[in-house]
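One structure is given below, encoded as structure tokens.
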6 protein chains.
Amino acid sequence: MPKPPIDLIRHALEEDGAQADVTTLCTVPAEQQAQASIIARQSGVIAGLAIAAATFRELDSQVSVELLVEDGTTVQAGQVVARLSGPARSLLSAERVALNFLGHLSGIATLTAQCLRALEGPRAHILDTRKTTPGLRSLEKEAVLLGGGHNHRFNLSDGVLIKDNHSKAAGGITQAITLARRLAPHLLKIEVECETLAEVQEALEAGADVLLLDNMPLETMRSAVELVRRIAPGVLIEASGNIGTNTTRLAAVAATGVDFISLGAITHSAPNFDISLEFT
Amino acid sequence: MPKPPIDLIRHALEEDGAQADVTTLCTVPAEQQAQASIIARQSGVIAGLAIAAATFRELDSQVSVELLVEDGTTVQAGQVVARLSGPARSLLSAERVALNFLGHLSGIATLTAQCLRALEGPRAHILDTRKTTPGLRSLEKEAVLLGGGHNHRFNLSDGVLIKDNHSKAAGGITQAITLARRLAPHLLKIEVECETLAEVQEALEAGADVLLLDNMPLETMRSAVELVRRIAPGVLIEASGNIGTNTTRLAAVAATGVDFISLGAITHSAPNFDISLEFT
Amino acid sequence: MPKPPIDLIRHALEEDGAQADVTTLCTVPAEQQAQASIIARQSGVIAGLAIAAATFRELDSQVSVELLVEDGTTVQAGQVVARLSGPARSLLSAERVALNFLGHLSGIATLTAQCLRALEGPRAHILDTRKTTPGLRSLEKEAVLLGGGHNHRFNLSDGVLIKDNHSKAAGGITQAITLARRLAPHLLKIEVECETLAEVQEALEAGADVLLLDNMPLETMRSAVELVRRIAPGVLIEASGNIGTNTTRLAAVAATGVDFISLGAITHSAPNFDISLEFT
Amino acid sequence: MPKPPIDLIRHALEEDGAQADVTTLCTVPAEQQAQASIIARQSGVIAGLAIAAATFRELDSQVSVELLVEDGTTVQAGQVVARLSGPARSLLSAERVALNFLGHLSGIATLTAQCLRALEGPRAHILDTRKTTPGLRSLEKEAVLLGGGHNHRFNLSDGVLIKDNHSKAAGGITQAITLARRLAPHLLKIEVECETLAEVQEALEAGADVLLLDNMPLETMRSAVELVRRIAPGVLIEASGNIGTNTTRLAAVAATGVDFISLGAITHSAPNFDISLEFT
Amino acid sequence: MPKPPIDLIRHALEEDGAQADVTTLCTVPAEQQAQASIIARQSGVIAGLAIAAATFRELDSQVSVELLVEDGTTVQAGQVVARLSGPARSLLSAERVALNFLGHLSGIATLTAQCLRALEGPRAHILDTRKTTPGLRSLEKEAVLLGGGHNHRFNLSDGVLIKDNHSKAAGGITQAITLARRLAPHLLKIEVECETLAEVQEALEAGADVLLLDNMPLETMRSAVELVRRIAPGVLIEASGNIGTNTTRLAAVAATGVDFISLGAITHSAPNFDISLEFT
Amino acid sequence: MPKPPIDLIRHALEEDGAQADVTTLCTVPAEQQAQASIIARQSGVIAGLAIAAATFRELDSQVSVELLVEDGTTVQAGQVVARLSGPARSLLSAERVALNFLGHLSGIATLTAQCLRALEGPRAHILDTRKTTPGLRSLEKEAVLLGGGHNHRFNLSDGVLIKDNHSKAAGGITQAITLARRLAPHLLKIEVECETLAEVQEALEAGADVLLLDNMPLETMRSAVELVRRIAPGVLIEASGNIGTNTTRLAAVAATGVDFISLGAITHSAPNFDISLEFT
């Protein structure tokens with residue numbers, strides 16, 4: 001379990017002026033103690049609890065946090081997921097930052113799980129993309145894992161994915177693959193974006209390890225999968241390109257037999273998860 | 001116009017490994033030059049163009065960026081909003097981070113503008129909240145302005161907003177207002193959360209400058225507005241509490257005559273704006 | 001109670017080379033333990049004790065610090081305010097940084113208290129200004145509170161104060177107030193600088209919430225206070241402008257009936273408080 | 001000429017919310033240009049001009065600054081020391097931070113120069129101490145140089161100064177000097193604090209390079225100087241210990257023939273220099 | 001070409017006190033200009049020139065640097081590799097940091113090139129390892145490339161390398177490979193450390209993409225290569241384990257037919273490259 | 001004992017991706033506990049143990065580390081120097097960074113000790129130089145101390161060392177010494193680089209405190225030492241200039257009677273110390 005990102009937590013508390021919460025400082029006595037619960041207001045997959053707990057403790061080490069469930073748990077509307085106790089001022093001043101983390105990350109985990117349920121039957125993985133919120137990539141990718149998804153490459157340095165512009169710049173798909181094979185670190189596979197069957201054929205012949213079928217009509221996608229399975233059974237296939245989170249569409253894409261479906265929407269357009277803190 | 005947040009841009013480029021884009025380094029010659037366009041793929045209000053431009057220049061000062069519209073402009077699907085030229089490698093390696101900023105911030109500006117359109121006729125302002133993505137509050141609040149909304153307080157240090165837990169801790173609404181009046185900086189107004197007409201009455205008598213009507217049924221909200229206008233005409237009124245972005249609901253809330261409607265959804269649940277970069 | 005500013009403490013220890021105190025490392029055995037007292041050498045209001053304690057502990061977590069009084073206490077010359085024990089090296093190496101904090105902040109608290117005493121009888125508050133030492137604003141403003149003063153706005157983002165140059169730029173006091181009312185966050189009051197009775201009149205008519213009487217002769221100030229009390233009893237009045245810390249002058253300004261007197265000198269010209277550390 | 005401390009300038013602008021100056025943003029049009037002058041309101045030695053100029057440019061690279069005098073110049077009340085032109089918003093928003101640097105540093109330079117003038121005739125140097133404001137040591141020590149003073153060691157790592165507690169810990173002055181000679185870097189001289197003639201004698205015999213006469217009566221100081229000049233003519237002598245900035249006292253100490261007089265007050269108790277910015 | 005690591009350069013200049021070079025400030029007039037050459041004192045492959053140039057410019061933007069050769073060039077003893085001109089003070093104060101970068105990185109590039117020459121004939125690549133100096137990994141790995149070597153994975157996040165402890169923890173080589181295949185990002189190949197032929201056989205059967213032959217006697221290594229080529233021709237082979245930089249030993253390892261030889265010594269034990277700066 | 005450099009440790013762990021060790025996360029169960037030993041694979045002086053321990057604890061506070069020897073101890077090949085226990089994942093993920101510190105710093109301490117042994121008989125000190133790895137100066141200089149060497153000045157701000165270029169710029173050795181005497185802080189001695197006996201003579205007459213004999217033939221060096229001892233017995237003598245770590249050469253230089261021999265090679269060319277971690 002990775003350490004909570006203390007620098008980000010500190011920055012978020014500072015951004016929210018949590019150390020100088022003028023309302024709380026004026027109205028709540030310094031010595032007042034309080035108890036509170038964090039309660040899910042919808043069903044879904046919870047993510048960000050460890051970070052929320054670290055947020056309260058970062059503001060005030062006297063706050064104690066008891067997590068009733070772990071990150072990744074499916075919870076119901078009304079379910080208490082954590083209990084807090086400590087100085088009332090600190091609970092109030094850290095509340096918004098903690099809930100902002102929880103709402104954002106649980107939203108991603110929940111949408112990922114919803115997309116996965118749409119695929120039941122055929123066996124494709126849901127992948128995230130690099131379409132994440134600047135500064136939050138690690139957390140968002142972890143939320144995807146918690147929702148049951150898989151992670152694509154973390155960034156541009158740890159994977160080779162030849163897109164059409166790379167192929168054009170290199171003089172063609174074959175040339176691009178050859179260059180990457182020669183120059184890229186030997187532990188990286190080579191993935192190639194293809195939009196037509198001809199490109200699939202060329203990529204396979206040039207030795208691609210993974211194919212990205214981008215914006216392909218379902219019919220073409222099916223033919224591409226068939227072609228790959230026949231002539232290069234070790235090669236992996238990813239479908240991509242504004243597929244969205246519509247259930248029927250996802251099921252149809254999965255039915256083509258691809259290995260992975262990558263979805264920008266699970267990180268960049270997940271609605272906030274409804275969750276609140278109540279004093280008890 | 002505030003300076004682009006260079007530290008965040010740098011962090012985002014680093015997070016994406018843009019300096020070590022192994023695919024681009026392997027397949028695109030160092031000396032190759034290119035031109036590209038940033039194209040809106042949907043209609044809406046654009047935000048983040050200045051940041052996107054700064055992102056390309058931060059990675060490589062040889063990239064030149066021409067903005068065809070300003071942040072805050074309403075654009076159409078298919079409209080070219082910026083033109084880029086420079087080393088092909090740099091355009092490719094900075095593309096994703098730049099688009100992540102644009103998609104996120106334009107999404108917020110566009111949703112804000114949609115909510116505002118729902119209010120036409122009655123004269124309420126749309127306000128943002130502190131329900132923002134950790135680390136991005138300044139940018140998200142600026143996107144709200146670009147979409148036509150107004151900003152609520154930036155953080156806990158620059159506004160007094162007495163919520164129910166503050167009132168309880170102080171011994172009641174009256175006591176909380178009295179404490180804040182005595183202790184808070186003299187340039188801050190005092191806003192008080194009220195859930196019932198009795199609370200509205202008490203807050204007005206204790207000298208609140210602004211009322212927050214939280215989770216009030218429409219009927220009660222109307223009565224509250226009427227009460228305020230009658231006995232304390234200088235007091236401002238804000239409606240809040242999971243109002244959401246539904247058009248009919250927004251119009252109904254606005255019709256009660258409140259001055260402000262604050263919406264967490266415009267920052268925490270705005271869908272990504274569809275925008276892409278194409279080489280030309 | 002805000003957390004001690006650990007980053008500033010660390011920076012100050014580094015700036016003083018406390019980790020590489022060559023004299024102490026050469027002459028004091030590593031295992032030697034010592035006790036010491038921090039002793040006020042003059043009477044006044046102590047401030048910075050919590051920070052001084054954190055400074056010793058930051059350099060060496062084996063130093064234990066017992067505070068005999070709290071920050072904000074009025075102490076006498078010769079009074080022991082804290083006792084320290086721990087490795088002799090660490091006491092010696094952190095001494096100067098800790099005393100620098102104590103001397104600077106207690107100086108501010110003490111001067112603030114002196115100014116307040118000059119006002120006894122009439123009921124005006126002493127306010128600080130933004131004339132603080134770069135990097136130390138939070139600490140200096142807290143020292144003002146400890147001395148019995150009140151804080152003006154923390155910085156340019158959390159209060160509206162229309163000065164003469166703003167009025168000129170906007171086309172007049174009335175126009176400036178109108179613009180601020182329309183554009184500024186709704187939780188901020190609007191304060192307006194006035195130098196003449198005519199400006200006071202205009203500001204009141206345009207709806208100013210607070211007036212700043214700047215560099216006004218006492219006679220004019222009295223007239224201004226009278227005018228405000230008569231036609232706008234809810235409006236607050238602040239006197240400002242090189243008032244200084246002279247006792248007689250302060251009493252005279254307070255006698256005009258203003259609500260606040262703001263004094264740059266309490267932060268930018270407070271003499272250091274005499275305090276020392278003695279080994280026991 | 002050292003580079004302006006950009007990190008500190010940035011921090012100070014941030015601390016003052018200069019990027020979010022709500023008053024200026026509301027009342028001053030973005031396109032408005034302005035000219036302004038920085039004017040000394042008292043006579044003295046100016047310091048901080050280069051930093052003030054960098055402050056304006058850091059906030060907005062479109063501000064141009066013309067320095068009419070250099071740091072270290074003696075100026076008269078009413079003298080214009082710099083002219084500024086650029087966006088009115090930026091001049092207004094950076095004004096306070098720039099003046100805070102100027103007032104603080106010119107105050108130190110001016111007080112240093114005043115102390116030096118008190119010594120005319122006898123030839124002693126004025127030295128600063130480590131009694132500086134946390135975070136500002138470099139700037140304050142540079143201001144001392146500009147005022148005509150000299151710098152003592154910058155911090156604990158770049159000089160050996162054996163105080164009474166070091167001597168006690170080592171078992172005596174002789175032992176402390178012997179240890180320092182053996183263990184300290186060979187480029188550092190060894191200074192020893194002495195309070196009596198017996199200690200002076202011991203320090204000289206043990207090979208001290210420099211003596212610090214601490215809190216010595218004038219008569220004893222004279223005898224100490226005589227003793228040193230007679231038996232160890234190469235050894236330097238510094239007088240210290242709450243000497244203060246009183247003119248007569250300074251002249252008397254200098255008349256004893258010491259080489260250096262170190263004064264904490266020139267950095268920790270210098271009154272702010274009166275200086276302002278006027279639009280033209 | 002990656003940007004010079006400005007943060008590291010700044011830190012190194014600060015670490016060397018280059019802004020406060022007391023000798024230079026005392027003895028060299030501020031206005032004095034100078035020319036200087038950087039001269040290789042031995043033959044080898046130069047690396048770090050771009051960083052050295054950035055070091056001078058970072059200290060003083062008035063220094064101009066002309067690089068006579070590019071990083072990666074093989075130079076001779078006595079060859080001038082760069083010419084500098086600018087303020088004499090800045091050339092002197094930045095000299096040591098610039099040379100420290102050049103000596104360290106050119107040492108690595110030169111040793112890498114020497115190892116490569118030992119292999120002439122058989123076709124193996126020289127790989128670096130993660131045995132680098134803390135804080136300098138990027139620069140050291142770039143120096144390896146400049147010397148003709150190849151880079152292994154950059155860090156633990158961008159490659160799968162199953163060592164014996166991983167296999168033991170997973171319950172055997174087969175189980176470890178199966179787990180990695182299921183859980184690791186799909187763009188990463190799986191490399192497995194083997195010490196015996198039995199392990200090689202097991203790894204191949206479990207589907208390893210790359211084998212690391214660790215500390216294997218030459219005879220066993222030859223058999224392993226033969227086995228791999230026969231039954232899994234697509235699998236890559238790396239030799240590792242204290243191979244060292246001895247020429248004969250390197251040639252013998254290469255002659256076994258492995259694809260890669262990884263050498264910790266090229267980064268962690270490369271002798272400094274002799275290079276100096278001379279004023280002209 | 002200085003605190004471990006936590007920022008550098010954190011940076012090194014981040015640089016190595018230790019929080020995202022994909023191999024370990026895939027193959028080692030989260031709950032698995034393990035024990036391991038750190039074992040010297042050669043004889044020498046160990047350095048970096050405290051830092052290695054801090055590295056493991058920084059990654060995971062549940063790792064416990066028992067140091068069997070202290071930094072600075074001479075160890076034998078095969079000797080266990082520390083025992084670790086804790087989560088297997090954390091031991092594996094922090095191993096490389098910890099060993100990189102140990103190998104680098106123990107290499108320096110060991111080479112320093114070897115050079116010292118070469119001097120037995122005559123009594124010269126071994127000094128380090130400013131030829132250190134950027135970012136690691138403190139650690140490397142501490143390793144030199146652990147190996148029995150002494151530290152030269154830490155950086156350009158804490159010592160005066162007049163090299164030939166300084167003398168030329170000042171108009172000669174005499175002028176340079178005079179300027180430094182007048183302008184440098186009074187606690188710094190003045191060291192002067194000399195290449196000939198004439199320069200030695202001039203430096204002594206101008207009052208140098210320390211001489212640096214640079215690149216002098218042994219015969220000249222002997223004459224220089226004799227000259228200094230005769231006419232300026234308090235002056236210290238340092239030999240420098242590509243002396244190297246050859247035993248015979250070192251003994252010969254020491255035999256000339258110099259006080260110090262400074263060696264760049266002990267920091268910039270020390271071979272890595274062979275040390276490993278074994279699970280038990």
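Chain labels run A, B, ... following the order of the structure tokens; each chain numbers its residues from 1, and ligands are numbered from 1 in the order shown.
The list of chain A residues within 9 Å of chain C is Gln19, Ala20, Ala30, Leu59 and Asp60 of chain A; this uses only C-alpha atoms.
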Go ahead and save the picked residues with N, CA, C and O atoms, as a PDB file, in the first residue's frame.
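Saved result, out27.pdb, follows:
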ATOM      1  N   GLN A  19      -5.449  26.021   7.964  1.00  0.00           N
ATOM      2  CA  GLN A  19      -4.768  26.458   9.190  1.00  0.00           C
ATOM      3  C   GLN A  19      -5.309  27.794   9.666  1.00  0.00           C
ATOM      4  O   GLN A  19      -4.933  28.274  10.732  1.00  0.00           O
ATOM      5  N   ALA A  20      -6.101  28.467   8.856  1.00  0.00           N
ATOM      6  CA  ALA A  20      -6.571  29.810   9.211  1.00  0.00           C
ATOM      7  C   ALA A  20      -8.067  29.896   8.944  1.00  0.00           C
ATOM      8  O   ALA A  20      -8.555  30.856   8.382  1.00  0.00           O
ATOM      9  N   ALA A  30     -11.337  26.309  21.467  1.00  0.00           N
ATOM     10  CA  ALA A  30     -10.144  25.512  21.165  1.00  0.00           C
ATOM     11  C   ALA A  30     -10.177  24.146  21.834  1.00  0.00           C
ATOM     12  O   ALA A  30      -9.684  23.155  21.292  1.00  0.00           O
ATOM     13  N   LEU A  59      -3.416  17.739   9.444  1.00  0.00           N
ATOM     14  CA  LEU A  59      -3.790  19.034  10.018  1.00  0.00           C
ATOM     15  C   LEU A  59      -3.597  19.017  11.528  1.00  0.00           C
ATOM     16  O   LEU A  59      -3.178  20.010  12.121  1.00  0.00           O
ATOM     17  N   ASP A  60      -3.886  17.859  12.140  1.00  0.00           N
ATOM     18  CA  ASP A  60      -3.827  17.802  13.604  1.00  0.00           C
ATOM     19  C   ASP A  60      -3.590  16.363  14.024  1.00  0.00           C
ATOM     20  O   ASP A  60      -4.459  15.512  13.870  1.00  0.00           O
TER      21      ASP A  60
END
Residues of region 46-211 of chain F in helix (DSSP H, G or I), written as a ChimeraX atom specification | /F:49-59,88-118,137-146,164-170,173-183,197-205
Region 57-190 of chain D: residues DSSP assigns to strand (DSSP E), reported as number ranges by chain = D: 64-67, 74-75, 80-87, 125-127, 160-162, 190
Quick one: everything within 10 Å of region 160-171 of chain C, counting only C-alpha atoms, minus sequence neighbours fewer than 5 positions away in the same chain. Send it as a PyMOL selection string.
-> (chain B and resi 187-188) or (chain C and resi 153+155+176-181+184-185+188-195+208+210-212+214) or (chain D and resi 21-29+32-34+88-89+92+278-279)
What does the distance between CA of Ala40 (chain C) and CA of Gln114 (chain C) come to in Å, to one decimal place?
-> 17.0 Å
Minimum-distance residue to Phe101 (chain B), chosen among A:Pro134, A:Thr196, A:Ala265, A:Ser157 (using only C-alpha atoms) =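 Smallest separation from Phe101 (chain B) among the options: A:Pro134.
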Name all residues at most 8 Å from Ala50 (chain C) (count only C-alpha atoms; drop same-chain ones fewer than 2 positions away) and give them as an NGL selection string.
-> :C and (4 or 48 or 52-54 or 71)
